[in-house]
Structures are given as C-alpha cells and as structure tokens.
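Visitor: What follows is upload.cif, made up of mmCIF, C-alpha atoms:
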data_data
#
loop_
_atom_site.label_atom_id
_atom_site.label_comp_id
_atom_site.auth_asym_id
_atom_site.auth_seq_id
_atom_site.Cartn_x
_atom_site.Cartn_y
_atom_site.Cartn_z
CA MET A 13 -35.63 -32.66 52.73
CA ARG A 14 -34.97 -36.18 51.61
CA ASP A 15 -31.94 -36.94 49.43
CA THR A 16 -34.11 -37.90 46.45
CA ASP A 17 -35.99 -34.61 46.70
CA SER A 18 -32.69 -32.72 47.01
CA ASN A 19 -31.29 -34.44 43.92
CA LYS A 20 -34.42 -33.63 41.94
CA PHE A 21 -34.18 -29.98 42.99
CA ILE A 22 -30.52 -29.76 41.92
CA ALA A 23 -31.34 -31.39 38.58
CA PHE A 24 -34.15 -28.86 38.08
CA LEU A 25 -31.74 -25.96 38.69
CA VAL A 26 -29.26 -27.40 36.20
CA ILE A 27 -31.97 -27.74 33.55
CA ILE A 28 -33.07 -24.13 34.10
CA ALA A 29 -29.55 -22.67 34.26
CA THR A 30 -28.09 -24.44 31.23
CA PRO A 31 -29.93 -22.47 28.52
CA PHE A 32 -28.99 -19.17 30.21
CA ALA A 33 -25.32 -20.20 30.42
CA LEU A 34 -25.33 -21.37 26.82
CA GLY A 35 -26.92 -18.12 25.68
CA ALA A 36 -24.34 -16.04 27.54
CA PHE A 37 -21.56 -18.10 25.95
CA LEU A 38 -22.96 -17.59 22.44
CA LEU A 39 -23.35 -13.86 22.99
CA THR A 40 -19.69 -13.51 23.95
CA TRP A 41 -18.35 -16.04 21.44
CA ALA A 42 -20.25 -14.98 18.33
CA PRO A 43 -18.72 -11.48 17.86
CA SER A 44 -15.19 -12.73 18.47
CA ASN A 45 -15.72 -15.61 16.06
CA GLN A 46 -17.13 -13.25 13.44
CA TYR A 47 -14.13 -10.95 13.89
CA SER A 48 -11.64 -13.78 13.40
CA ASN A 49 -13.46 -15.13 10.35
CA GLU A 50 -14.12 -11.82 8.61
CA ASP A 51 -11.58 -11.31 5.83
CA PRO A 52 -10.55 -7.69 5.05
CA ALA A 53 -9.84 -8.84 1.49
CA GLY A 54 -13.57 -8.60 0.88
CA ASP A 55 -13.96 -5.20 2.53
CA GLY A 56 -11.68 -2.32 1.53
CA TYR A 57 -12.96 -0.06 4.30
CA VAL A 58 -11.41 -1.98 7.20
CA PRO A 59 -7.75 -2.16 8.32
CA PRO A 60 -5.86 -5.44 8.01
CA ARG A 61 -5.99 -7.93 10.86
CA SER A 62 -2.20 -7.53 11.38
CA ILE A 63 -0.90 -4.07 10.55
CA GLU A 64 2.54 -5.13 11.81
CA LYS A 65 2.82 -7.90 9.21
CA LEU A 66 1.61 -5.58 6.45
CA VAL A 67 4.18 -2.91 7.36
CA ASP A 68 7.03 -5.44 7.54
CA ARG A 69 6.09 -7.04 4.23
CA THR A 70 5.85 -3.67 2.47
CA GLN A 71 9.15 -2.45 3.97
CA GLU A 72 10.94 -5.44 2.43
CA SER A 73 10.01 -4.18 -1.05
CA THR A 74 10.42 -0.42 -0.50
CA VAL A 75 13.67 1.54 -0.84
CA THR A 76 14.98 5.07 -0.56
CA VAL A 77 16.13 6.57 -3.88
CA TRP A 78 19.04 8.98 -4.20
CA CYS A 79 19.65 11.02 -7.35
CA GLU A 80 22.96 12.90 -7.23
CA PRO A 81 23.78 14.80 -10.46
CA LYS A 82 26.44 16.73 -8.55
CA VAL A 83 27.51 17.24 -4.96
CA GLY A 84 25.01 19.24 -2.95
CA MET A 85 22.29 19.08 -5.61
CA GLY A 86 20.82 15.66 -4.94
CA THR A 87 17.18 14.65 -4.54
CA GLN A 88 15.68 11.93 -2.38
CA GLY A 89 12.55 9.90 -2.83
CA THR A 90 11.13 6.40 -2.51
CA ALA A 91 10.63 3.42 -4.85
CA PHE A 92 9.12 -0.04 -4.63
CA ALA A 93 9.66 -3.35 -6.41
CA ILE A 94 7.14 -4.79 -8.87
CA GLU A 95 7.05 -7.68 -11.35
CA LEU A 96 8.07 -6.10 -14.67
CA GLU A 97 10.50 -7.30 -17.32
CA THR A 98 12.80 -4.63 -18.77
CA ASP A 99 15.58 -4.48 -21.36
CA VAL A 100 18.14 -4.73 -18.54
CA SER A 101 16.51 -7.51 -16.51
CA ASN A 102 19.38 -9.93 -17.22
CA GLU A 103 21.81 -7.64 -15.41
CA TYR A 104 19.44 -5.79 -13.08
CA SER A 105 16.82 -8.32 -12.04
CA THR A 106 14.70 -6.15 -9.74
CA THR A 107 12.41 -3.53 -11.28
CA LEU A 108 11.41 -0.49 -9.23
CA ILE A 109 8.75 2.19 -9.63
CA THR A 110 9.28 5.78 -8.49
CA ASN A 111 8.27 9.31 -9.52
CA HIS A 112 9.78 11.02 -12.53
CA HIS A 113 10.47 14.16 -10.50
CA VAL A 114 12.60 12.14 -8.07
CA ILE A 115 15.14 11.15 -10.75
CA LYS A 116 14.62 13.76 -13.50
CA ASN A 117 17.93 15.54 -12.75
CA CYS A 118 19.77 12.26 -13.28
CA ILE A 119 18.35 11.56 -16.76
CA SER A 120 20.88 11.76 -19.62
CA VAL A 121 23.64 13.20 -17.45
CA ASP A 122 26.73 11.82 -15.79
CA ALA A 123 24.97 11.19 -12.50
CA LYS A 124 24.59 8.49 -9.91
CA VAL A 125 21.33 6.86 -8.84
CA THR A 126 21.41 4.65 -5.77
CA ILE A 127 18.84 2.90 -3.64
CA ASN A 128 18.89 1.39 -0.18
CA LEU A 129 16.66 -0.67 2.05
CA LEU A 130 15.98 0.55 5.56
CA PHE A 131 19.21 0.40 7.65
CA GLU A 132 21.23 -0.99 4.72
CA ASP A 133 23.98 0.42 2.49
CA GLU A 134 23.29 2.10 -0.84
CA VAL A 135 23.59 0.09 -4.05
CA LYS A 136 23.53 1.09 -7.69
CA ALA A 137 20.33 1.55 -9.67
CA VAL A 138 19.76 2.50 -13.31
CA ILE A 139 17.02 4.51 -14.98
CA VAL A 140 15.11 2.37 -17.49
CA LYS A 141 12.28 4.59 -18.76
CA TRP A 142 9.96 7.33 -17.63
CA ASP A 143 6.64 9.06 -18.20
CA GLU A 144 7.02 12.75 -17.42
CA GLU A 145 3.35 13.58 -17.99
CA ASN A 146 2.16 11.06 -15.39
CA ASP A 147 5.24 11.57 -13.17
CA ILE A 148 6.28 7.90 -13.15
CA ALA A 149 9.70 6.33 -13.75
CA VAL A 150 11.12 2.82 -13.88
CA LEU A 151 14.42 1.92 -12.23
CA ALA A 152 16.28 -1.38 -12.03
CA THR A 153 18.81 -2.80 -9.60
CA ALA A 154 20.75 -6.01 -9.12
CA LYS A 155 19.67 -6.19 -5.48
CA LYS A 156 17.06 -8.89 -4.92
CA LEU A 157 13.79 -7.56 -3.53
CA PRO A 158 10.35 -9.19 -3.28
CA ALA A 159 7.84 -7.59 -5.61
CA LEU A 160 4.64 -5.98 -4.40
CA ALA A 161 1.47 -7.13 -6.11
CA LEU A 162 -0.68 -4.64 -7.99
CA SER A 163 -4.29 -4.51 -6.84
CA ASP A 164 -7.00 -5.97 -9.07
CA ASN A 165 -9.58 -3.76 -7.38
CA ALA A 166 -10.12 -0.08 -8.01
CA PRO A 167 -9.99 1.96 -4.78
CA TRP A 168 -13.12 3.68 -3.53
CA PRO A 169 -13.72 6.75 -1.32
CA GLY A 170 -13.36 5.66 2.29
CA TYR A 171 -11.06 2.68 1.62
CA TRP A 172 -8.27 2.07 4.16
CA ILE A 173 -4.78 2.70 2.72
CA MET A 174 -1.17 2.86 3.88
CA ALA A 175 1.66 5.01 2.53
CA LEU A 176 5.26 4.03 3.18
CA GLY A 177 8.49 5.86 2.33
CA SER A 178 11.14 8.36 3.42
CA ALA A 179 9.01 11.25 4.64
CA ASP A 180 11.18 14.38 4.90
CA GLY A 181 14.25 12.11 4.86
CA PHE A 182 13.06 9.84 7.66
CA GLU A 183 13.41 6.44 6.04
CA GLY A 184 10.80 3.79 6.74
CA SER A 185 8.06 6.28 7.59
CA VAL A 186 4.53 4.86 7.68
CA SER A 187 1.19 6.65 7.59
CA PHE A 188 -2.37 5.37 7.55
CA GLY A 189 -5.38 7.05 6.02
CA ASN A 190 -8.29 6.71 3.64
CA VAL A 191 -9.13 7.37 0.03
CA LEU A 192 -10.79 10.79 -0.03
CA ASN A 193 -11.81 10.75 -3.69
CA LEU A 194 -10.51 9.92 -7.16
CA THR A 195 -10.00 11.18 -10.67
CA TYR A 196 -9.01 8.99 -13.61
CA SER A 197 -5.27 9.21 -12.91
CA ASP A 198 -5.09 10.47 -9.31
CA ILE A 199 -6.13 9.19 -5.89
CA LEU A 200 -6.80 11.84 -3.26
CA ILE A 201 -5.70 10.58 0.15
CA THR A 202 -5.85 11.66 3.79
CA ASN A 203 -2.45 10.11 4.64
CA ASN A 204 0.25 12.43 5.99
CA VAL A 205 3.07 12.52 3.42
CA SER A 206 6.06 14.81 2.90
CA GLN A 207 8.94 15.38 0.50
CA GLY A 208 10.79 12.08 0.35
CA ASN A 209 7.55 10.07 0.24
CA SER A 210 7.42 10.70 -3.51
CA GLY A 211 7.51 7.43 -5.43
CA GLY A 212 6.47 5.31 -2.48
CA PRO A 213 3.77 2.64 -2.57
CA LEU A 214 0.18 3.28 -1.60
CA VAL A 215 -1.23 -0.09 -0.56
CA ASP A 216 -4.64 -1.41 0.44
CA ASN A 217 -5.54 -3.63 3.39
CA GLU A 218 -4.29 -6.68 1.51
CA GLY A 219 -0.87 -5.09 0.88
CA ALA A 220 -1.50 -4.70 -2.86
CA VAL A 221 -0.42 -1.48 -4.57
CA VAL A 222 -3.27 0.83 -5.59
CA GLY A 223 -1.11 3.84 -6.46
CA ILE A 224 2.19 5.69 -6.15
CA VAL A 225 2.48 8.63 -3.72
CA SER A 226 3.27 11.65 -5.91
CA TRP A 227 2.22 15.06 -4.63
CA GLY A 228 1.07 17.05 -1.62
CA LYS A 229 -1.05 20.07 -0.80
CA ASP A 230 0.08 22.98 1.36
CA ILE A 231 -3.36 24.25 2.43
CA GLU A 232 -5.97 21.63 1.60
CA GLN A 233 -6.05 18.69 3.99
CA TYR A 234 -5.28 15.96 1.48
CA ASN A 235 -2.43 14.69 -0.67
CA GLY A 236 -2.27 12.69 -3.86
CA ALA A 237 -1.06 9.51 -5.54
CA LYS A 238 -1.02 8.38 -9.15
CA SER A 239 -3.48 5.56 -9.79
CA LEU A 240 -2.65 2.32 -11.58
CA ASP A 241 -4.49 3.65 -14.62
CA ALA A 242 -1.73 6.25 -14.98
CA PHE A 243 0.80 3.40 -15.27
CA CYS A 244 -0.89 2.20 -18.46
CA ALA A 245 0.13 5.20 -20.57
CA LYS A 246 3.82 4.29 -20.97
CA ILE A 247 5.02 2.15 -18.07
CA LEU A 248 2.94 -1.04 -18.09
CA GLU A 249 1.23 -2.99 -20.84
CA CYS A 250 -2.11 -3.12 -19.09
CA GLN A 251 -4.48 -5.79 -20.29
CA TYR A 252 -7.15 -4.22 -18.11
CA GLU A 253 -6.75 -0.67 -19.45
CA PHE A 254 -10.19 0.90 -19.88
CA GLU A 255 -11.67 -2.49 -18.93
CA ARG A 256 -11.45 -2.26 -15.15
CA GLU A 257 -14.54 -1.86 -13.01
CA LYS A 258 -15.87 1.69 -12.97
CA THR A 259 -14.37 4.02 -10.39
CA TRP A 260 -16.08 6.73 -8.40
CA TRP A 261 -14.89 9.24 -11.03
CA ASP A 262 -16.55 7.28 -13.86
CA TYR A 263 -19.90 7.26 -12.09
CA SER A 264 -19.72 10.97 -11.21
CA GLY A 265 -19.66 11.88 -14.90
CA GLU A 266 -22.85 10.01 -15.79
#
Could you take the file, read its structure, and then write that structure out as structure tokens?

Guide:
Amino acid sequence: MRDTDSNKFIAFLVIIATPFALGAFLLTWAPSNQYSNEDPAGDGYVPPRSIEKLVDRTQESTVTVWCEPKVGMGTQGTAFAIELETDVSNEYSTTLITNHHVIKNCISVDAKVTINLLFEDEVKAVIVKWDEENDIAVLATAKKLPALALSDNAPWPGYWIMALGSADGFEGSVSFGNVLNLTYSDILITNNVSQGNSGGPLVDNEGAVVGIVSWGKDIEQYNGAKSLDAFCAKILECQYEFEREKTWWDYSGE
C-alpha cells in the first residue's frame, strides 16, 4: 500500500473512532460530574458530601452536661450552642439547649451544673429557664462555643439525620438515621440513642438543627426528638410559629 493510501486509511480510522471515544468519556464523566455538582442542601433525603466535616463541626458546638445535686445522685446529658440572647448573656455569653429532665434535679437547689467539650475539662454552666411540658431547658456558660444554626426547613419522613451526644456516658457518640415520622412537637427517628444522648442536637444534612434528642423506646424500633415547633412555647420567640410550611403531620389530619 502506498504511503498516501496508508495515511488516508489511518485518518479514516481516527474519524470513526473519535465519536466512540468521546461517547465513552461522556458516559463516565457525566455521573461523576452530576455527583459533584448535586447539592444535598436541596435534597433532605441524601447524606452530606462530607460526613467527617459535618461531625467535626457539630462536635465543636456540642457538650456533655453534668447535674450534681449531691454526690452520687448526678445526671448526665448533652447540650448544644445556639444563637439566643438571655438575661445573663453579659456574663455567660454562650447559650445552650438541653432537656429539662437532664437538669431538673439542679433547679432551685444548691447544686452544680457543669459542661465540657469532648476531651476537655468541665466548666461552670447556669440554668436560665425551662419548659417542663416540652422537656426543654436553656443553659448558659462563659465558654465560647460556635452556635449551631436552626433549620428553616421542616423535616420529612425519610430525611437523613444525625444525632450526636454522650450515649450511655460515651462522650462524642454519633449515630446516623432517618426521620421515621412526625407529630406537631415530636420527630420519630431511626437513630440509635441511649441515656446521655438526651438534650443533644438532631441535625440535617446541612448541619442545621431540626430537633433535640429527648426520649427512647424500649420495644419499638424508633426513638424521639422534640421538634423546633416545641421550642416556640416558652424557649424561643419564633417569628415562624404556626407559619412554617406544613409538615407530614399537618397533611395527615386533612
């Protein structure tokens, strides 16, 4: 075969092969590009792109709570920092949310309430106010902690969620799960939680708080958290109270 014929044949092969190569490239590139561009902020059902970063960021704002009315009678739980001005903010600049049942034995008695970050020493905290009916309490401390944002979106059955706290005394415990269902003031969750998780944050895939881990079931395979709507009764001045988007519970009653 002459050189000119050979060159024409090679050029023909290149022309034929190029579309196939390009197609193969697009098939492999498109899903990976879609994955990297897809933002979990717009989809509550998917986990975050970096679970490690979400855990670390939430840990920085989450503490273990110790209520010790007398030696040998203490209780342990969890709390997390939020943006909330209190009457003691000048002295205790960080506001914390926990469960009422975690600190109830330290209310109006000569007792000590302390908090500590993971692997750090305990520091003083004070009880600011509480809502026994909804099992929520507000603490304050002078220790500087970054506040967790409260979610603007109501959770929905199936949404990905993370619970963080001191499960059974093991500080810094993390569990992943989903929203099972909801009532007006409670979120039913599939996350594994134990005593010590009480008062800990329940966050979505953006790291925003959707509830506060509050109770567990012995037989049924779910546990529970108080929703942000429960905060509106006495803890927060909620501009969105009764104005938020309808939840699964609202629709079920129609």

Visitor: List as a list in words the protein and nucleic acid residues near Gly212 (chain A), meaning an atom at most 6 Å away when all atoms listed in the file are counted, but skip any in the same chain fewer than 4 places from it.

Guide: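 Non-adjacent residues within range: Thr90, Ala91, Leu176, Gly177, Ile224 and Val225 of chain A.
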
Visitor: Specify as a PyMOL selection string each residue included when the PyMOL selection byres ((chain A and resi 142) around 9) is applied to this file.

Guide: chain A and resi 111-112+116+139-141+143-144+146-151+246-247

Visitor: For Ser239 (chain A), please output as a ChimeraX atom specification all residues within 12 Å (counting all atoms listed in the file; exclusion window: fewer than 5 positions along the same chain).

Guide: /A:146-148,162-163,165-168,191,193-201,211,213-215,221-226,244-245,253,259

Visitor: Have a look at CA of Leu96 (chain A) and CA of Gly56 (chain A) and let me know their distance in Å, one decimal.

Guide: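 Result for CA of Leu96 (chain A) versus CA of Gly56 (chain A): 25.8 Å, one decimal.
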
Visitor: Hey, can you check how far CA of Asp216 (chain A) sits from CA of Thr126 (chain A)?

Guide: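 So the two atoms, CA of Asp216 (chain A) and CA of Thr126 (chain A), lie 27.5 Å apart.
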
Visitor: So the first atom is CA of Pro60 (chain A) and the second is CA of Ala93 (chain A); what is the distance between them in Å, to one decimal place?

Guide: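 Distance between the two atoms: 21.3 Å.
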
Visitor: Please evaluate the PyMOL selection byres ((chain A and resi 152) around 8) against the structure above and give the resulting residues as a PyMOL selection string.

Guide: chain A and resi 100-101+104-108+137-140+150-151+153-154

Visitor: Taking all atoms listed in the file into account, name the residue in A:Leu130, A:Ala242, A:Asp55, A:Phe188 that is nearest to Asp68 (chain A).

Guide: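 Of all the options, A:Leu130 lies closest to Asp68 (chain A).
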
Visitor: With only C-alpha atoms as the basis for distance, which of A:Ala237, A:Val135, A:Val75, A:Val125 is at the shortest distance from Ile173 (chain A)?

Guide: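 Among the listed residues, A:Ala237 lies closest to Ile173 (chain A).
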
Visitor: Residue by residue, what does the PyMOL selection byres ((chain A and resi 202) around 6) grab here? Present the result as a PyMOL selection string.

Guide: chain A and resi 189-190+201+203+234

Visitor: Compare A:Pro59, A:Gly89, A:Gly236, A:Gly54 by their minimum atom-to-atom distance to Asn217 (chain A), counting only C-alpha atoms, and give me the closest one.

Guide: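 The answer is A:Pro59, which sits nearest to Asn217 (chain A).
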
Visitor: Can you sort out the box for region 138-154 of chain A, edges along x, y and z, all listed atoms in, 3 Å on every side, with centre and edge lengths in Å to one decimal, as JSON?

Guide:
{"center_x": 11.5, "center_y": 3.8, "center_z": -13.9, "size_x": 24.6, "size_y": 25.6, "size_z": 15.6}
